[in-house]
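One file, upload18.json, is given below (JSON, C-alpha atoms).
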```
[["chain", "number", "residue", "atom", "x", "y", "z"],
["A", 1, "MET", "CA", -36.97, -20.55, -80.27],
["A", 2, "SER", "CA", -35.72, -23.40, -78.09],
["A", 3, "ALA", "CA", -37.07, -26.90, -78.72],
["A", 4, "LEU", "CA", -37.82, -29.54, -76.08],
["A", 5, "PHE", "CA", -36.82, -33.12, -76.91],
["A", 6, "ILE", "CA", -38.16, -36.06, -74.88],
["A", 7, "ASP", "CA", -36.29, -39.39, -75.04],
["A", 8, "SER", "CA", -34.71, -38.38, -78.33],
["A", 9, "ASN", "CA", -32.39, -40.70, -80.25],
["A", 10, "HIS", "CA", -29.91, -38.00, -81.34],
["A", 11, "ASP", "CA", -26.29, -39.06, -81.19],
["A", 12, "ASP", "CA", -24.06, -37.23, -78.74],
["A", 13, "GLU", "CA", -22.56, -34.83, -81.27],
["A", 14, "GLU", "CA", -25.93, -33.70, -82.62],
["A", 15, "ARG", "CA", -27.35, -33.45, -79.09],
["A", 16, "ARG", "CA", -24.47, -31.24, -77.96],
["A", 17, "HIS", "CA", -24.96, -29.01, -81.00],
["A", 18, "ARG", "CA", -28.64, -28.62, -80.17],
["A", 19, "LEU", "CA", -27.93, -27.96, -76.49],
["A", 20, "TYR", "CA", -25.43, -25.24, -77.48],
["A", 21, "SER", "CA", -28.24, -23.74, -79.60],
["A", 22, "GLY", "CA", -30.60, -23.55, -76.62],
["A", 23, "ASP", "CA", -32.61, -26.76, -76.94],
["A", 24, "ILE", "CA", -33.47, -28.78, -73.82],
["A", 25, "PHE", "CA", -33.58, -32.58, -73.51],
["A", 26, "ILE", "CA", -35.58, -34.72, -71.08],
["A", 27, "PHE", "CA", -34.90, -38.43, -70.58],
["A", 28, "SER", "CA", -36.92, -41.06, -68.76],
["A", 29, "ALA", "CA", -35.56, -42.85, -65.72],
["A", 30, "THR", "CA", -33.40, -45.93, -66.23],
["A", 31, "PRO", "CA", -32.28, -48.61, -63.77],
["A", 32, "THR", "CA", -28.97, -46.73, -63.50],
["A", 33, "THR", "CA", -30.50, -43.35, -62.67],
["A", 34, "GLU", "CA", -32.85, -45.10, -60.25],
["A", 35, "ALA", "CA", -29.80, -46.63, -58.55],
["A", 36, "LEU", "CA", -28.29, -43.14, -58.18],
["A", 37, "ILE", "CA", -31.42, -41.60, -56.66],
["A", 38, "GLY", "CA", -31.84, -44.74, -54.54],
["A", 39, "LEU", "CA", -28.43, -44.10, -53.00],
["A", 40, "ALA", "CA", -29.37, -40.46, -52.38],
["A", 41, "ARG", "CA", -32.69, -41.42, -50.78],
["A", 42, "GLU", "CA", -31.00, -43.95, -48.53],
["A", 43, "MET", "CA", -28.52, -41.35, -47.31],
["A", 44, "LEU", "CA", -31.20, -38.68, -46.80],
["A", 45, "GLU", "CA", -33.58, -40.98, -45.00],
["A", 46, "LYS", "CA", -30.84, -42.26, -42.73],
["A", 47, "ALA", "CA", -29.65, -38.72, -41.97],
["A", 48, "PHE", "CA", -33.14, -37.44, -41.11],
["A", 49, "ALA", "CA", -34.54, -40.62, -39.51],
["A", 50, "PRO", "CA", -37.15, -41.18, -38.24],
["A", 51, "HIS", "CA", -38.65, -38.30, -40.25],
["A", 52, "ASP", "CA", -39.46, -38.09, -43.96],
["A", 53, "PRO", "CA", -36.79, -35.84, -45.56],
["A", 54, "ARG", "CA", -39.52, -34.10, -47.55],
["A", 55, "ALA", "CA", -41.24, -32.95, -44.34],
["A", 56, "ILE", "CA", -38.16, -32.41, -42.20],
["A", 57, "HIS", "CA", -38.97, -28.70, -41.86],
["A", 58, "GLU", "CA", -41.94, -29.73, -39.72],
["A", 59, "HIS", "CA", -39.71, -31.48, -37.19],
["A", 60, "LEU", "CA", -36.29, -29.81, -36.99],
["A", 61, "THR", "CA", -35.01, -26.25, -36.93],
["A", 62, "ALA", "CA", -33.38, -24.68, -39.97],
["A", 63, "GLU", "CA", -30.08, -24.70, -38.08],
["A", 64, "ASP", "CA", -30.37, -28.44, -37.41],
["A", 65, "VAL", "CA", -31.24, -29.20, -41.03],
["A", 66, "ALA", "CA", -28.31, -27.10, -42.29],
["A", 67, "SER", "CA", -25.97, -28.95, -39.92],
["A", 68, "ILE", "CA", -27.16, -32.36, -41.14],
["A", 69, "LEU", "CA", -26.91, -31.32, -44.79],
["A", 70, "GLY", "CA", -23.38, -30.06, -44.09],
["A", 71, "LYS", "CA", -22.40, -33.69, -43.48],
["A", 72, "THR", "CA", -24.76, -35.56, -45.81],
["A", 73, "LYS", "CA", -24.14, -33.59, -48.99],
["A", 74, "PRO", "CA", -20.32, -33.98, -48.98],
["A", 75, "ALA", "CA", -20.75, -37.67, -48.06],
["A", 76, "PHE", "CA", -22.91, -38.11, -51.16],
["A", 77, "ILE", "CA", -20.51, -36.19, -53.39],
["A", 78, "HIS", "CA", -17.62, -38.42, -52.43],
["A", 79, "HIS", "CA", -19.44, -41.75, -52.23],
["A", 80, "PRO", "CA", -17.56, -44.12, -54.59],
["A", 81, "GLU", "CA", -20.82, -45.31, -56.17],
["A", 82, "CYS", "CA", -21.65, -41.80, -57.41],
["A", 83, "LYS", "CA", -18.82, -41.51, -59.91],
["A", 84, "ARG", "CA", -19.33, -45.07, -61.13],
["A", 85, "LEU", "CA", -23.04, -44.51, -61.71],
["A", 86, "ILE", "CA", -22.51, -41.13, -63.43],
["A", 87, "SER", "CA", -20.18, -42.79, -65.94],
["A", 88, "LEU", "CA", -22.76, -45.51, -66.61],
["A", 89, "ILE", "CA", -25.55, -42.94, -67.03],
["A", 90, "MET", "CA", -23.47, -41.06, -69.58],
["A", 91, "GLN", "CA", -22.62, -44.29, -71.37],
["A", 92, "GLU", "CA", -26.37, -44.95, -71.69],
["A", 93, "ARG", "CA", -26.64, -41.61, -73.49],
["A", 94, "GLY", "CA", -24.12, -42.81, -76.11],
["A", 95, "MET", "CA", -21.13, -40.76, -74.99],
["A", 96, "ASP", "CA", -17.47, -41.57, -75.55],
["A", 97, "LEU", "CA", -16.27, -41.84, -71.95],
["A", 98, "GLU", "CA", -12.65, -41.26, -72.95],
["A", 99, "LYS", "CA", -13.58, -37.78, -74.17],
["A", 100, "LEU", "CA", -16.21, -36.98, -71.58],
["A", 101, "TYR", "CA", -15.32, -35.12, -68.38],
["A", 102, "PHE", "CA", -17.73, -34.44, -65.50],
["A", 103, "ASP", "CA", -17.67, -32.68, -62.17],
["A", 104, "VAL", "CA", -18.71, -34.40, -58.95],
["A", 105, "PRO", "CA", -22.47, -34.96, -58.59],
["A", 106, "ARG", "CA", -24.09, -32.68, -56.04],
["A", 107, "MET", "CA", -27.20, -33.22, -53.96],
["A", 108, "ARG", "CA", -29.46, -30.16, -53.87],
["A", 109, "SER", "CA", -32.39, -29.28, -51.63],
["A", 110, "ALA", "CA", -35.15, -26.69, -51.86],
["A", 111, "TYR", "CA", -37.24, -26.22, -48.73],
["A", 112, "PRO", "CA", -40.41, -24.20, -48.31],
["A", 113, "SER", "CA", -39.23, -20.62, -48.82],
["A", 114, "HIS", "CA", -39.97, -19.52, -45.25],
["A", 115, "PHE", "CA", -37.78, -22.28, -43.78],
["A", 116, "LEU", "CA", -34.32, -22.54, -45.37],
["A", 117, "SER", "CA", -33.25, -21.00, -48.68],
["A", 118, "SER", "CA", -29.72, -19.79, -47.89],
["A", 119, "GLY", "CA", -26.24, -21.25, -47.71],
["A", 120, "ILE", "CA", -26.17, -25.02, -48.16],
["A", 121, "ALA", "CA", -29.80, -24.96, -49.39],
["A", 122, "TYR", "CA", -29.40, -21.80, -51.49],
["A", 123, "ALA", "CA", -32.42, -21.02, -53.68],
["A", 124, "PHE", "CA", -30.85, -19.79, -56.89],
["A", 125, "HIS", "CA", -32.30, -16.71, -58.53],
["A", 126, "PRO", "CA", -32.39, -16.67, -62.37],
["A", 127, "HIS", "CA", -28.83, -17.17, -63.62],
["A", 128, "ARG", "CA", -26.64, -18.79, -66.22],
["A", 129, "ASP", "CA", -23.92, -21.12, -64.94],
["A", 130, "THR", "CA", -21.57, -19.22, -67.24],
["A", 131, "TRP", "CA", -22.03, -16.21, -64.93],
["A", 132, "TYR", "CA", -20.28, -18.44, -62.36],
["A", 133, "SER", "CA", -17.17, -19.05, -64.52],
["A", 134, "ALA", "CA", -18.47, -22.19, -66.27],
["A", 135, "PRO", "CA", -17.25, -22.69, -69.86],
["A", 136, "MET", "CA", -19.63, -22.10, -72.76],
["A", 137, "CYS", "CA", -19.39, -25.82, -73.63],
["A", 138, "GLN", "CA", -20.74, -26.97, -70.25],
["A", 139, "ILE", "CA", -23.84, -29.18, -70.24],
["A", 140, "ASN", "CA", -25.92, -29.56, -67.06],
["A", 141, "TRP", "CA", -27.69, -32.78, -66.06],
["A", 142, "TRP", "CA", -30.43, -32.49, -63.40],
["A", 143, "ILE", "CA", -32.22, -35.44, -61.76],
["A", 144, "PRO", "CA", -35.09, -35.26, -59.22],
["A", 145, "ILE", "CA", -34.86, -37.69, -56.30],
["A", 146, "TYR", "CA", -38.55, -37.50, -55.31],
["A", 147, "PRO", "CA", -41.67, -36.48, -57.32],
["A", 148, "LEU", "CA", -41.75, -32.82, -58.35],
["A", 149, "ASP", "CA", -44.38, -30.12, -58.09],
["A", 150, "PRO", "CA", -44.46, -27.09, -60.44],
["A", 151, "GLU", "CA", -43.94, -24.90, -57.37],
["A", 152, "ASN", "CA", -40.80, -26.67, -56.12],
["A", 153, "ALA", "CA", -39.07, -27.53, -59.38],
["A", 154, "MET", "CA", -36.52, -25.86, -61.64],
["A", 155, "GLY", "CA", -37.56, -22.94, -63.78],
["A", 156, "PHE", "CA", -36.19, -22.14, -67.24],
["A", 157, "TYR", "CA", -36.23, -18.99, -69.37],
["A", 158, "PRO", "CA", -35.41, -20.36, -72.86],
["A", 159, "GLY", "CA", -36.58, -17.15, -74.50],
["A", 160, "TYR", "CA", -33.48, -15.46, -73.08],
["A", 161, "PHE", "CA", -31.00, -18.07, -74.30],
["A", 162, "ASP", "CA", -29.67, -15.83, -77.08],
["A", 163, "VAL", "CA", -30.89, -12.53, -75.60],
["A", 164, "PRO", "CA", -28.53, -10.57, -73.31],
["A", 165, "VAL", "CA", -29.75, -10.06, -69.76],
["A", 166, "LYS", "CA", -28.39, -7.12, -67.82],
["A", 167, "ASN", "CA", -26.38, -8.68, -65.00],
["A", 168, "ASN", "CA", -23.43, -8.18, -62.65],
["A", 169, "SER", "CA", -21.43, -11.31, -63.50],
["A", 170, "GLU", "CA", -18.26, -9.22, -63.57],
["A", 171, "ILE", "CA", -18.22, -9.41, -59.76],
["A", 172, "TYR", "CA", -17.65, -13.18, -59.83],
["A", 173, "ASN", "CA", -14.23, -14.81, -59.93],
["A", 174, "TYR", "CA", -14.25, -18.57, -59.37],
["A", 175, "TYR", "CA", -10.99, -18.65, -57.47],
["A", 176, "GLU", "CA", -12.07, -15.86, -55.13],
["A", 177, "TRP", "CA", -15.38, -17.63, -54.48],
["A", 178, "ASN", "CA", -13.68, -20.94, -53.67],
["A", 179, "THR", "CA", -11.17, -19.44, -51.28],
["A", 180, "LYS", "CA", -13.55, -17.08, -49.48],
["A", 181, "ASN", "CA", -17.10, -18.41, -49.71],
["A", 182, "ARG", "CA", -17.57, -22.06, -50.67],
["A", 183, "ALA", "CA", -16.58, -23.67, -47.35],
["A", 184, "ASP", "CA", -18.91, -21.42, -45.34],
["A", 185, "ALA", "CA", -22.16, -22.43, -47.06],
["A", 186, "ALA", "CA", -23.57, -24.32, -44.07],
["A", 187, "LYS", "CA", -23.08, -21.27, -41.83],
["A", 188, "HIS", "CA", -25.64, -19.22, -43.78],
["A", 189, "VAL", "CA", -29.03, -20.22, -42.41],
["A", 190, "LYS", "CA", -31.38, -17.26, -41.99],
["A", 191, "SER", "CA", -29.78, -15.17, -44.70],
["A", 192, "ASP", "CA", -26.95, -15.32, -47.22],
["A", 193, "ALA", "CA", -24.81, -12.21, -47.61],
["A", 194, "ARG", "CA", -22.43, -13.75, -50.15],
["A", 195, "GLU", "CA", -22.56, -11.56, -53.24],
["A", 196, "GLN", "CA", -23.51, -13.51, -56.36],
["A", 197, "PRO", "CA", -24.25, -12.69, -60.01],
["A", 198, "LYS", "CA", -27.90, -11.80, -60.56],
["A", 199, "PRO", "CA", -30.06, -10.22, -63.25],
["A", 200, "GLN", "CA", -30.13, -6.47, -63.02],
["A", 201, "GLN", "CA", -33.42, -6.18, -64.87],
["A", 202, "GLU", "CA", -36.96, -7.54, -64.72],
["A", 203, "LEU", "CA", -37.56, -10.67, -66.81],
["A", 204, "ASN", "CA", -40.50, -10.41, -69.18],
["A", 205, "GLU", "CA", -41.63, -14.01, -69.06],
["A", 206, "ARG", "CA", -42.64, -16.62, -66.50],
["A", 207, "SER", "CA", -40.25, -19.51, -66.09],
["A", 208, "LEU", "CA", -41.13, -22.86, -67.66],
["A", 209, "ARG", "CA", -41.14, -25.88, -65.33],
["A", 210, "TYR", "CA", -40.35, -29.37, -66.63],
["A", 211, "LEU", "CA", -41.34, -32.26, -64.37],
["A", 212, "PRO", "CA", -39.61, -35.54, -65.17],
["A", 213, "PRO", "CA", -40.32, -38.43, -62.78],
["A", 214, "PRO", "CA", -37.76, -39.36, -60.10],
["A", 215, "GLY", "CA", -34.66, -40.59, -61.89],
["A", 216, "GLY", "CA", -35.57, -38.73, -65.08],
["A", 217, "ILE", "CA", -33.04, -36.23, -66.46],
["A", 218, "ILE", "CA", -33.21, -32.67, -67.72],
["A", 219, "ALA", "CA", -30.16, -31.82, -69.85],
["A", 220, "PHE", "CA", -29.47, -28.20, -70.76],
["A", 221, "SER", "CA", -26.65, -25.84, -71.65],
["A", 222, "GLY", "CA", -24.79, -24.08, -68.86],
["A", 223, "ALA", "CA", -25.67, -20.89, -70.75],
["A", 224, "GLN", "CA", -29.40, -21.55, -70.32],
["A", 225, "LEU", "CA", -31.06, -19.03, -67.96],
["A", 226, "HIS", "CA", -32.63, -21.02, -65.11],
["A", 227, "GLU", "CA", -33.61, -20.73, -61.45],
["A", 228, "THR", "CA", -34.70, -22.54, -58.33],
["A", 229, "VAL", "CA", -38.47, -22.00, -58.27],
["A", 230, "PRO", "CA", -39.36, -20.48, -54.87],
["A", 231, "ASN", "CA", -40.86, -23.41, -52.99],
["A", 232, "THR", "CA", -44.44, -22.50, -52.06],
["A", 233, "THR", "CA", -45.45, -26.10, -51.38],
["A", 234, "GLY", "CA", -45.32, -27.88, -48.05],
["A", 235, "VAL", "CA", -42.82, -30.40, -49.37],
["A", 236, "ALA", "CA", -39.03, -30.18, -49.69],
["A", 237, "ARG", "CA", -37.49, -30.91, -53.08],
["A", 238, "TYR", "CA", -34.27, -32.92, -53.40],
["A", 239, "SER", "CA", -32.32, -33.37, -56.62],
["A", 240, "ILE", "CA", -28.94, -34.35, -58.05],
["A", 241, "ASP", "CA", -27.00, -32.45, -60.66],
["A", 242, "PHE", "CA", -23.66, -32.69, -62.37],
["A", 243, "ARG", "CA", -22.00, -31.03, -65.35],
["A", 244, "THR", "CA", -20.08, -32.32, -68.33],
["A", 245, "VAL", "CA", -17.73, -31.07, -71.03],
["A", 246, "HIS", "CA", -16.56, -32.90, -74.14],
["A", 247, "LEU", "CA", -12.82, -32.79, -74.78],
["A", 248, "ASP", "CA", -13.17, -32.03, -78.50],
["A", 249, "ASP", "CA", -15.41, -29.04, -77.76],
["A", 250, "VAL", "CA", -13.11, -27.84, -74.99],
["A", 251, "VAL", "CA", -10.09, -27.85, -77.29],
["A", 252, "ALA", "CA", -11.96, -26.30, -80.25],
["A", 253, "ARG", "CA", -13.67, -23.71, -77.98],
["A", 254, "ARG", "CA", -17.07, -24.85, -79.25],
["A", 255, "GLY", "CA", -20.18, -24.16, -77.19],
["A", 256, "ALA", "CA", -23.04, -21.77, -76.71],
["A", 257, "ALA", "CA", -22.62, -18.15, -77.77],
["A", 258, "ASN", "CA", -21.57, -15.79, -74.99],
["A", 259, "VAL", "CA", -24.27, -13.13, -74.99],
["A", 260, "ASP", "CA", -23.70, -11.49, -71.60],
["A", 261, "THR", "CA", -21.16, -13.33, -69.40],
["A", 262, "ARG", "CA", -18.28, -11.35, -67.84],
["A", 263, "SER", "CA", -17.19, -13.60, -64.94],
["A", 264, "THR", "CA", -13.51, -14.52, -64.56],
["A", 265, "GLY", "CA", -11.60, -17.63, -63.61],
["A", 266, "THR", "CA", -12.68, -21.06, -64.85],
["A", 267, "THR", "CA", -14.26, -24.22, -63.47],
["A", 268, "MET", "CA", -12.21, -26.35, -65.89],
["A", 269, "ARG", "CA", -10.07, -27.80, -63.08],
["A", 270, "ASP", "CA", -13.17, -29.44, -61.54],
["A", 271, "TYR", "CA", -13.72, -31.98, -64.32],
["A", 272, "ILE", "CA", -12.65, -35.64, -64.19],
["A", 273, "CYS", "CA", -12.61, -38.19, -67.00],
["A", 274, "ALA", "CA", -15.66, -40.47, -67.14],
["A", 275, "ALA", "CA", -13.50, -43.40, -68.29],
["A", 276, "ASP", "CA", -10.97, -42.99, -65.48],
["A", 277, "VAL", "CA", -12.28, -40.93, -62.59],
["A", 278, "SER", "CA", -8.77, -40.17, -61.33],
["A", 279, "ARG", "CA", -7.78, -38.38, -64.55],
["A", 280, "LEU", "CA", -8.27, -34.61, -64.87],
["A", 281, "LEU", "CA", -8.42, -32.45, -67.97],
["A", 282, "PRO", "CA", -4.89, -31.97, -69.30],
["A", 283, "GLU", "CA", -3.30, -28.82, -67.91],
["A", 284, "GLU", "CA", -2.38, -27.57, -71.40],
["A", 285, "VAL", "CA", -6.08, -27.70, -72.27],
["A", 286, "ILE", "CA", -7.12, -25.92, -69.09],
["A", 287, "LYS", "CA", -4.66, -23.15, -69.85],
["A", 288, "LEU", "CA", -6.75, -22.30, -72.92],
["A", 289, "TYR", "CA", -9.33, -20.99, -70.42],
["A", 290, "ASP", "CA", -7.01, -19.28, -67.94],
["A", 291, "ASP", "CA", -7.38, -15.51, -67.95],
["A", 292, "GLY", "CA", -4.57, -14.37, -65.66],
["A", 293, "THR", "CA", -6.62, -14.40, -62.44],
["A", 294, "GLU", "CA", -5.32, -17.84, -61.44],
["A", 295, "THR", "CA", -2.54, -17.94, -58.82],
["A", 296, "ALA", "CA", -0.95, -20.83, -56.96],
["A", 297, "ASP", "CA", -2.68, -19.95, -53.69],
["A", 298, "LYS", "CA", -6.15, -19.63, -55.22],
["A", 299, "VAL", "CA", -6.44, -22.35, -57.87],
["A", 300, "LEU", "CA", -8.33, -25.22, -56.24],
["A", 301, "ARG", "CA", -9.29, -28.66, -57.44],
["A", 302, "PHE", "CA", -12.46, -30.44, -56.39],
["A", 303, "GLY", "CA", -11.79, -34.16, -56.36],
["A", 304, "ASP", "CA", -12.01, -36.93, -53.80],
["A", 305, "ARG", "CA", -11.09, -34.40, -51.14],
["A", 306, "LEU", "CA", -13.62, -31.59, -51.17],
["A", 307, "VAL", "CA", -10.94, -28.96, -51.71],
["A", 308, "ALA", "CA", -7.32, -29.66, -52.48],
["A", 309, "ALA", "CA", -4.89, -26.87, -53.27],
["A", 310, "GLN", "CA", -3.07, -27.40, -56.51]]
```

As structure tokens, the full file:
Amino acid sequence: MSALFIDSNHDDEERRHRLYSGDIFIFSATPTTEALIGLAREMLEKAFAPHDPRAIHEHLTAEDVASILGKTKPAFIHHPECKRLISLIMQERGMDLEKLYFDVPRMRSAYPSHFLSSGIAYAFHPHRDTWYSAPMCQINWWIPIYPLDPENAMGFYPGYFDVPVKNNSEIYNYYEWNTKNRADAAKHVKSDAREQPKPQQELNERSLRYLPPPGGIIAFSGAQLHETVPNTTGVARYSIDFRTVHLDDVVARRGAANVDTRSTGTTMRDYICAADVSRLLPEEVIKLYDDGTETADKVLRFGDRLVAAQ
């Protein structure tokens, strides 16, 4: 049974071990996380001015909102303050920045379900990130920008952490997705026909919703089954997430047990060093995760330019 830790004082090694075993950690906001969500709020409120971003669905069309997000979200990803603040947030959690690698922080949005839940504001069904080619040692960090409601939060299914879920993750190859689908997210407004890994069975439990305050953090394994809760409130939810891997675990192939993942490709080329945000994981390490589906025309890196061919 998964445990929930709140503001625990575990060191990084013990915390990673517990995360790989299915436990979930929640941390209170700090001045550093508040600075990160403050930057996000500033960008959102400027983009949607004079309207409150949380009520923008009452003022603009879904097409207009998707168009604005198509500019605002990449601008946030590549804002120089984001990487600096992520490194500081991880340092607060006692991590060795020389061995820590993270992917770029992403701004997410979840609008009332009738308004916009496709493409750039995709409402994720229950899934494991490992179904999307993430390594078993990936840890997810999720931060709300505004106050949460149980009906517009994240949902977790910890009872399935070590229980296989019938799914179609074999359809997903990271390189194929990047070359064919990623850049078109903002074009999907009313519906989203992009085929994605999903459960192929009914889940026998209701998702659990954890509600940290703005700037608080939920940390969980990339193998944890989770979802975007269908937003039945009248308020949009905005959040930030990023993912980390620890070099020692990457090299030793430590991480959560693979109970049902069959995706191909790897996200390993997305990670940058927290101590030097221009440094990528060494190629000889990445090759430990290559499976033969990588080719020169399909392997992409996600750095300061949104997509750069290797």

_From the options A:Asp103, A:Glu42, A:Glu195, A:Asp291, which residue's atoms come nearest to Lys180 of chain A, counting all atoms listed in the file?_
A:Glu195

*Determine, counting only C-alpha atoms, which protein, DNA and RNA residues have an atom within 9 Å of an atom of segment 214-216 of chain A; residues of the same chain fewer than 2 positions away are not included. Present the result as a PyMOL selection string.*
chain A and resi 26-38+142-148+211-212+218+239

Selected residues, C-alpha atoms, written as a JSON list (two decimals), keeping the file's coordinate frame, please.
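Saved file part27.json follows:
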```
[["chain", "number", "residue", "atom", "x", "y", "z"],
["A", 26, "ILE", "CA", -35.58, -34.72, -71.08],
["A", 27, "PHE", "CA", -34.90, -38.43, -70.58],
["A", 28, "SER", "CA", -36.92, -41.06, -68.76],
["A", 29, "ALA", "CA", -35.56, -42.85, -65.72],
["A", 30, "THR", "CA", -33.40, -45.93, -66.23],
["A", 31, "PRO", "CA", -32.28, -48.61, -63.77],
["A", 32, "THR", "CA", -28.97, -46.73, -63.50],
["A", 33, "THR", "CA", -30.50, -43.35, -62.67],
["A", 34, "GLU", "CA", -32.85, -45.10, -60.25],
["A", 35, "ALA", "CA", -29.80, -46.63, -58.55],
["A", 36, "LEU", "CA", -28.29, -43.14, -58.18],
["A", 37, "ILE", "CA", -31.42, -41.60, -56.66],
["A", 38, "GLY", "CA", -31.84, -44.74, -54.54],
["A", 142, "TRP", "CA", -30.43, -32.49, -63.40],
["A", 143, "ILE", "CA", -32.22, -35.44, -61.76],
["A", 144, "PRO", "CA", -35.09, -35.26, -59.22],
["A", 145, "ILE", "CA", -34.86, -37.69, -56.30],
["A", 146, "TYR", "CA", -38.55, -37.50, -55.31],
["A", 147, "PRO", "CA", -41.67, -36.48, -57.32],
["A", 148, "LEU", "CA", -41.75, -32.82, -58.35],
["A", 211, "LEU", "CA", -41.34, -32.26, -64.37],
["A", 212, "PRO", "CA", -39.61, -35.54, -65.17],
["A", 218, "ILE", "CA", -33.21, -32.67, -67.72],
["A", 239, "SER", "CA", -32.32, -33.37, -56.62]]
```

*asked:* Set the distance at 12 Å and use all atoms listed in the file: which residues neighbour Glu284 of chain A once local chain neighbours fewer than 6 positions away are removed? I'd like the list as a list in words.
replied: Val250, Val251, Met268, Arg269 and Asp290 of chain A

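With distances taken from (-19.4, -6.3, -57.3) and restricted to only C-alpha atoms, the residues inside 10 Å are Asn168, Ser169, Glu170, Ile171, Tyr172, Glu195, Gln196 and Pro197 of chain A.
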
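Atom CA of Gln224 of chain A is found 7.5 Å from atom CA of Phe156 of chain A.
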
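All residues of protein, DNA or RNA that reach within 12 Å of Ser8 of chain A, judged by all atoms listed in the file and not counting those fewer than 4 positions away in the chain, are Ala3, Leu4, Asp12, Glu14, Arg15, Arg18, Asp23, Ile24, Phe25, Ile26, Phe27, Ser28, Arg93, Gly94 and Ala219 of chain A.
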
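Atom pair atom CA of Ile272 of chain A / atom CA of Met95 of chain A: separated by 14.7 Å.
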
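Atom pair atom CA of Asn231 of chain A / atom CA of Pro213 of chain A has a distance of 17.9 Å (rounded to one decimal).
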
*Excluding Ser263 of chain A and residues on its chain fewer than 4 positions from it, collect all residues at most 12 Å away from it, counting all atoms listed in the file, and give them as number ranges by chain.*
A: 128-136, 167-177, 196-198, 258, 267, 291, 293

_Residue among A:Asp276, A:Glu283, A:Glu205, A:Glu13 lying closest to Ser87 of chain A, counting only C-alpha atoms_ = A:Asp276

_With all atoms listed in the file as the counted atoms, please give the residues lying no more than 9 Å from Ser21 of chain A, apart from itself and same-chain residues fewer than 6 positions off, as a list in words._
Ser2, Phe161, Asp162, Ser221, Gly255, Ala256 and Ala257 of chain A

*Between A:Leu39, A:Leu19, A:Ile240, A:Ala274, single out the one closest to Gln91 of chain A, counting only C-alpha atoms.*
A:Ala274
